[in-house]
$ cat protein.cif   # mmCIF, C-alpha atoms
data_upload
loop_
_atom_site.label_atom_id
_atom_site.label_comp_id
_atom_site.auth_asym_id
_atom_site.auth_seq_id
_atom_site.Cartn_x
_atom_site.Cartn_y
_atom_site.Cartn_z
CA MET U 1 104.48 103.65 122.89
CA THR U 2 103.19 101.19 120.28
CA VAL U 3 100.63 101.46 117.50
CA PRO U 4 98.11 98.64 116.86
CA ARG U 5 98.69 96.97 113.48
CA PRO U 6 95.22 97.68 112.02
CA LEU U 7 95.83 101.37 112.77
CA VAL U 8 99.20 101.19 110.95
CA THR U 9 97.38 100.21 107.74
CA VAL U 10 94.91 103.09 108.11
CA ILE U 11 97.75 105.57 108.76
CA MET U 12 99.70 104.40 105.69
CA VAL U 13 96.68 104.56 103.37
CA ALA U 14 95.99 108.10 104.65
CA ALA U 15 99.67 109.03 104.16
CA ILE U 16 99.62 107.80 100.54
CA ILE U 17 96.40 109.71 99.75
CA LEU U 18 97.76 112.87 101.40
CA GLY U 19 101.01 112.43 99.44
CA VAL U 20 99.13 112.39 96.12
CA ILE U 21 97.15 115.49 97.10
CA ALA U 22 100.27 117.28 98.33
CA GLY U 23 102.17 116.43 95.11
CA SER U 24 99.38 117.84 92.96
CA ARG U 25 99.14 121.01 95.03
CA LEU U 26 102.91 121.47 95.03
CA PHE U 27 103.03 121.16 91.24
CA LEU U 28 100.28 123.76 90.94
CA VAL U 29 102.31 126.11 93.14
CA LEU U 30 105.53 125.47 91.17
CA SER U 31 103.83 125.95 87.80
CA GLY U 32 102.18 129.16 88.95
CA GLY U 33 98.70 127.81 88.26
CA MET Z 1 98.07 76.25 121.43
CA GLY Z 2 97.81 77.42 118.53
CA PHE Z 3 97.41 80.21 116.37
CA GLY Z 4 101.08 81.08 116.08
CA ALA Z 5 103.05 83.83 117.75
CA ARG Z 6 101.48 87.25 117.38
CA ARG Z 7 103.92 89.87 116.17
CA PRO Z 8 104.36 92.75 118.63
CA ASP Z 9 102.86 96.09 117.68
CA PRO Z 10 105.38 98.50 116.11
CA GLY Z 11 106.71 101.57 117.89
CA LEU Z 12 105.28 105.03 117.26
CA GLY Z 13 108.58 106.40 115.89
CA ALA Z 14 108.88 103.72 113.22
CA VAL Z 15 105.23 104.15 112.20
CA LEU Z 16 105.60 107.94 111.91
CA GLY Z 17 108.81 107.51 109.90
CA LEU Z 18 107.10 105.06 107.57
CA ALA Z 19 104.11 107.41 107.15
CA ILE Z 20 106.45 110.33 106.30
CA GLY Z 21 108.41 108.11 103.91
CA LEU Z 22 105.36 106.71 102.10
CA GLY Z 23 103.59 110.09 102.01
CA GLY Z 24 106.72 111.85 100.71
CA LEU Z 25 107.30 109.08 98.20
CA THR Z 26 103.81 109.39 96.71
CA MET Z 27 104.14 113.20 96.74
CA CYS Z 28 107.35 113.01 94.69
CA VAL Z 29 105.95 110.40 92.28
CA THR Z 30 102.95 112.70 91.76
CA LEU Z 31 105.27 115.66 91.12
CA VAL Z 32 107.18 113.73 88.43
CA PHE Z 33 103.88 112.54 86.94
CA HIS Z 34 102.54 116.11 86.57
CA ALA Z 35 105.86 117.47 85.29
CA MET Z 36 106.09 114.76 82.62
CA ARG Z 37 102.48 115.37 81.64
CA ALA Z 38 103.10 119.08 81.26
CA VAL Z 39 106.08 118.41 78.96
CA MET Z 40 104.09 115.91 76.91
CA ASP Z 41 101.30 118.48 76.53
CA VAL Z 42 103.75 120.73 74.63
CA GLY Z 43 104.92 117.93 72.34
CA GLY Z 44 107.14 115.74 74.49
CA PHE Z 45 110.33 117.79 74.60
CA CYS Z 46 111.41 121.28 75.65
CA VAL Z 47 114.60 123.24 76.18
CA ASP Z 48 115.44 126.20 78.37
CA GLY Z 49 118.62 128.22 78.88
CA GLY Z 50 121.86 128.29 76.91
CA PRO Z 51 122.94 130.67 74.14
CA PHE Z 52 120.39 129.45 71.57
CA VAL Z 53 116.79 130.39 70.98
CA SER Z 54 114.62 127.51 72.14
CA ALA Z 55 112.04 126.14 69.70
CA GLN Z 56 109.95 124.92 72.61
CA SER Z 57 110.32 126.42 76.04
CA CYS Z 58 109.52 124.24 79.05
CA PRO Z 59 106.23 124.84 80.89
CA ASP Z 60 106.60 126.75 84.15
CA GLY Z 61 107.62 124.69 87.12
CA THR Z 62 108.52 121.49 85.28
CA ALA Z 63 112.27 121.73 85.92
CA PRO Z 64 112.04 122.21 89.72
CA ALA Z 65 109.22 119.67 89.90
CA MET Z 66 111.37 117.07 88.11
CA MET Z 67 114.40 117.79 90.31
CA LEU Z 68 112.40 117.69 93.54
CA GLY Z 69 110.48 114.63 92.41
CA ILE Z 70 113.42 112.51 91.30
CA PHE Z 71 115.68 113.26 94.28
CA GLY Z 72 112.69 113.09 96.62
CA VAL Z 73 111.81 109.58 95.42
CA VAL Z 74 115.30 108.44 96.44
CA LEU Z 75 115.23 110.27 99.79
CA PHE Z 76 111.70 109.36 100.91
CA GLY Z 77 112.03 105.87 99.44
CA GLY Z 78 115.06 105.32 101.69
CA ILE Z 79 113.19 106.63 104.73
CA ALA Z 80 110.16 104.45 103.96
CA MET Z 81 112.27 101.31 103.51
CA ALA Z 82 114.35 101.93 106.65
CA CYS Z 83 111.32 102.59 108.86
CA GLY Z 84 109.22 99.97 107.04
CA SER Z 85 111.73 97.26 107.91
CA ARG Z 86 111.23 98.18 111.60
CA VAL Z 87 107.44 98.06 111.31
CA GLY Z 88 107.42 94.79 109.37
CA ALA Z 89 108.98 93.29 106.25
CA ARG Z 90 105.79 93.70 104.24
CA TRP Z 91 105.89 97.47 104.78
CA ALA Z 92 109.43 97.67 103.41
CA ILE Z 93 108.17 95.75 100.36
CA ALA Z 94 105.20 98.13 100.15
CA ALA Z 95 107.64 101.07 100.06
CA VAL Z 96 109.50 99.48 97.13
CA LEU Z 97 106.23 98.80 95.31
CA VAL Z 98 104.93 102.34 95.87
CA GLY Z 99 108.23 103.80 94.64
CA TRP Z 100 108.93 101.54 91.68
CA SER Z 101 105.49 100.43 90.52
CA GLY Z 102 103.89 103.78 91.39
CA LEU Z 103 106.48 105.71 89.41
CA PHE Z 104 106.57 103.49 86.33
CA GLY Z 105 102.81 102.93 86.42
CA ALA Z 106 102.11 106.67 86.54
CA LEU Z 107 104.63 107.58 83.84
CA GLY Z 108 103.48 104.67 81.68
CA TRP Z 109 99.93 105.96 81.99
CA ASN Z 110 101.10 109.34 80.63
CA PHE Z 111 102.56 107.58 77.58
CA LEU Z 112 99.42 105.49 77.02
CA ASP Z 113 97.12 108.47 77.57
CA HIS Z 114 98.95 110.68 75.06
CA GLY Z 115 99.61 107.77 72.71
CA ILE Z 116 96.11 106.25 72.50
CA ILE Z 117 93.41 108.05 74.49
CA ASN Z 118 94.28 111.71 73.98
CA PRO Z 119 96.81 111.87 71.12
CA PRO Z 120 98.10 115.31 70.09
CA PRO Z 121 95.95 117.14 67.50
CA GLU Z 122 98.53 116.78 64.73
CA ALA Z 123 98.53 112.96 65.12
CA ASP Z 124 95.70 111.30 63.22
CA GLU Z 125 95.88 107.96 64.94
CA ILE Z 126 97.79 106.06 67.62
CA VAL Z 127 101.23 107.49 68.39
CA ARG Z 128 103.44 104.40 68.33
CA GLY Z 129 106.42 106.30 69.72
CA TRP Z 130 104.50 106.76 72.98
CA LEU Z 131 102.51 103.53 72.89
CA ILE Z 132 105.62 101.30 73.03
CA PRO Z 133 107.25 103.02 76.07
CA GLY Z 134 103.81 103.11 77.69
CA ILE Z 135 103.48 99.34 77.43
CA LEU Z 136 107.08 98.83 78.57
CA PHE Z 137 106.62 101.12 81.59
CA GLU Z 138 103.43 99.34 82.61
CA LEU Z 139 105.21 95.98 82.32
CA MET Z 140 108.01 97.33 84.51
CA ALA Z 141 105.41 98.51 87.03
CA LEU Z 142 103.57 95.19 87.08
CA THR Z 143 106.61 92.89 87.20
CA PRO Z 144 107.55 93.43 90.89
CA ILE Z 145 103.88 93.26 91.89
CA VAL Z 146 103.59 89.84 90.24
CA ILE Z 147 106.91 88.70 91.76
CA VAL Z 148 105.85 89.80 95.26
CA ALA Z 149 102.44 88.15 94.86
CA VAL Z 150 104.01 84.86 93.73
CA ALA Z 151 106.66 85.02 96.48
CA MET Z 152 104.04 85.71 99.15
CA ARG Z 153 101.94 82.81 97.93
CA ALA Z 154 104.96 80.52 97.91
CA GLY Z 155 106.03 81.88 101.30
CA PHE Z 156 102.68 81.07 102.85
CA THR Z 157 102.82 77.52 101.48
CA ALA Z 158 106.44 76.96 102.47
CA GLY Z 159 105.84 78.60 105.85
CA ALA Z 160 103.07 76.17 106.65
CA THR Z 161 105.29 73.13 106.18
CA PRO Z 162 107.92 73.85 108.87
CA ALA Z 163 105.21 75.07 111.22
CA GLN Z 164 103.32 71.86 110.78
CA ALA Z 165 106.55 69.91 111.07
CA THR Z 166 107.28 71.68 114.37
CA ALA Z 167 103.79 71.24 115.71
CA ARG Z 168 103.39 67.62 114.62
CA PRO Z 169 106.62 65.80 113.98
CA PRO Z 170 106.03 62.58 112.05
CA GLY Z 171 105.09 59.81 114.43
CA GLY Z 172 105.45 62.00 117.53
CA PRO Z 173 102.09 63.05 118.89
CA PRO Z 174 100.15 60.10 117.41
CA GLN Z 175 102.56 57.67 119.13
CA ARG Z 176 102.28 59.65 122.33
CA GLY Z 177 98.48 59.68 122.05
CA GLN Z 178 98.47 55.94 121.41
CA ALA Z 179 100.60 55.40 124.54
CA LEU Z 180 98.06 57.33 126.60
CA LEU Z 181 95.21 55.26 125.15
CA ASP Z 182 97.14 52.07 125.99
CA ARG Z 183 97.51 53.31 129.56
CA LEU Z 184 93.76 53.92 129.69
CA GLU Z 185 93.05 50.40 128.45
CA ARG Z 186 95.46 48.86 130.97
CA LEU Z 187 93.80 50.88 133.71
CA ALA Z 188 90.37 49.57 132.64
CA ASP Z 189 91.74 45.99 132.70
CA MET Z 190 93.10 46.52 136.21
CA ARG Z 191 89.73 47.93 137.31
CA ASP Z 192 87.97 44.86 135.88
CA ARG Z 193 90.30 42.69 137.95
CA GLY Z 194 89.46 44.81 141.00
CA LEU Z 195 93.02 46.09 141.59
CA PRO Z 196 92.48 49.86 142.03
CA THR Z 197 89.69 51.23 144.09
CA PRO Z 198 86.94 53.02 142.14
CA GLU Z 199 88.24 56.35 143.48
CA ASP Z 200 91.81 55.60 142.34
CA PHE Z 201 90.50 54.49 138.97
CA GLU Z 202 88.52 57.71 138.45
CA THR Z 203 91.52 59.83 139.48
CA ALA Z 204 93.91 58.03 137.12
CA LYS Z 205 91.39 58.11 134.28
CA ALA Z 206 90.79 61.84 134.70
CA SER Z 207 94.55 62.42 134.67
CA ILE Z 208 95.03 60.48 131.40
CA ILE Z 209 92.04 62.14 129.73
CA ALA Z 210 93.31 65.56 130.74
CA GLU Z 211 96.69 64.72 129.23
CA LEU Z 212 95.00 63.58 126.02
CA GLU Z 213 92.92 66.77 125.80
CA ALA Z 214 96.01 68.87 126.38
CA ARG Z 215 97.63 67.26 123.34
CA SER Z 216 94.67 67.58 120.99
#
$ encode --input "protein.cif" --output "structure tokens"
Amino acid sequence: MTVPRPLVTVIMVAAIILGVIAGSRLFLVLSGG
Amino acid sequence: MGFGARRPDPGLGAVLGLAIGLGGLTMCVTLVFHAMRAVMDVGGFCVDGGPFVSAQSCPDGTAPAMMLGIFGVVLFGGIAMACGSRVGARWAIAAVLVGWSGLFGALGWNFLDHGIINPPPEADEIVRGWLIPGILFELMALTPIVIVAVAMRAGFTAGATPAQATARPPGGPPQRGQALLDRLERLADMRDRGLPTPEDFETAKASIIAELEARS
């Protein structure tokens, strides 16, 4: 199964945004805030 | 004719691996960013553990966040580069840029923010001790971006030359086109002398024109 190239760009941008959100949430959890 | 070979679409596994790598990479860079910021908020240094009484204890969560963040950058960066090279070279480069430039850009911003924009209350003016590493970190973040941009620009220019050389070798197609035109002229001369029948002439002319159009 293959993924069209324009969709790859959309997936990667979404992954980067989700990564930033997840990192912020994880730090909040670790710091007890 | 034409537009160059289209690269095949990447497989689902490689795309998922790249998404996990890039997402994990940005998550770990964000963790390190917040942990550094928390330490800078308490003055820029902290100590925990050992037999001595610490003058400045570390904010909660900074130690695990740093550990997870730093080792995670290496782990997810490796995954992103490995899978990115299967999706396409530019995605492997993107993984390097997100890891290196993202990390140094974010940490450099912490230095600049605490050094210029929001200096600690006890500092009356710009904190040079944080301004200098801030500028250095931002330069380190920008350097690979500039290098990649220049290389891509040079690559596009250099890539066009061999492609053009392959498509139109010097003297090749023009000579071939000229030969076809000569054939057309000779055919017209023969028609004027009444050698081929009008039907034969039209058939031969259509054949030559089709060959010419196929080359243009």
$ interface_residues --input "protein.cif" --of "chain Z" --to "chain U" --cutoff "9 Å" --atoms "all atoms listed in the file" --output "number ranges by chain"
Z: 8-13, 15-16, 18-32, 34-35, 59-62, 64-65, 69, 87, 98
$ atom_distance --input "protein.cif" --atom1 "CA of Met36 (chain Z)" --atom2 "CA of Phe111 (chain Z)"
9.5 Å
$ resolve_selection --input "protein.cif" --expression "the PyMOL selection byres ((chain Z and resi 83) around 6)" --output "list in words"
Ala14, Gly17, Leu18, Ala80, Met81, Ala82, Gly84, Ser85 and Arg86 of chain Z
$ residues_near_point --input "protein.cif" --point "(117.0, 124.9, 73.2)" --cutoff "6 Å" --atoms "all atoms listed in the file" --output "NGL selection string"
:Z and (47-48 or 52-54)
$ axis_aligned_box --input "protein.cif" --around "region 198-203 of chain Z" --padding-each-side "6 Å" --output "JSON"
{"center_x": 89.4, "center_y": 56.4, "center_z": 141.0, "size_x": 16.9, "size_y": 18.8, "size_z": 17.0}
$ atom_distance --input "protein.cif" --atom1 "CA of Leu131 (chain Z)" --atom2 "CA of Met40 (chain Z)"
13.1 Å
$ residues_around --input "protein.cif" --residues "Phe45 (chain Z)" --least-positions-apart "3" --cutoff "8 Å" --atoms "all atoms listed in the file" --output "list in words"
Val39, Met40, Val42, Gln56 and Cys58 of chain Z
$ write_last_selection --input "protein.cif" --atoms "C-alpha atoms" --output "mmCIF file, in the coordinates of the input"
data_model
loop_
_atom_site.group_PDB
_atom_site.id
_atom_site.type_symbol
_atom_site.label_atom_id
_atom_site.label_comp_id
_atom_site.auth_asym_id
_atom_site.auth_seq_id
_atom_site.Cartn_x
_atom_site.Cartn_y
_atom_site.Cartn_z
ATOM 1 C CA VAL Z 39 106.080 118.410 78.960
ATOM 2 C CA MET Z 40 104.090 115.910 76.910
ATOM 3 C CA VAL Z 42 103.750 120.730 74.630
ATOM 4 C CA GLN Z 56 109.950 124.920 72.610
ATOM 5 C CA CYS Z 58 109.520 124.240 79.050
#
$ atom_distance --input "protein.cif" --atom1 "CA of Ala106 (chain Z)" --atom2 "CA of Phe33 (chain Z)"
6.1 Å
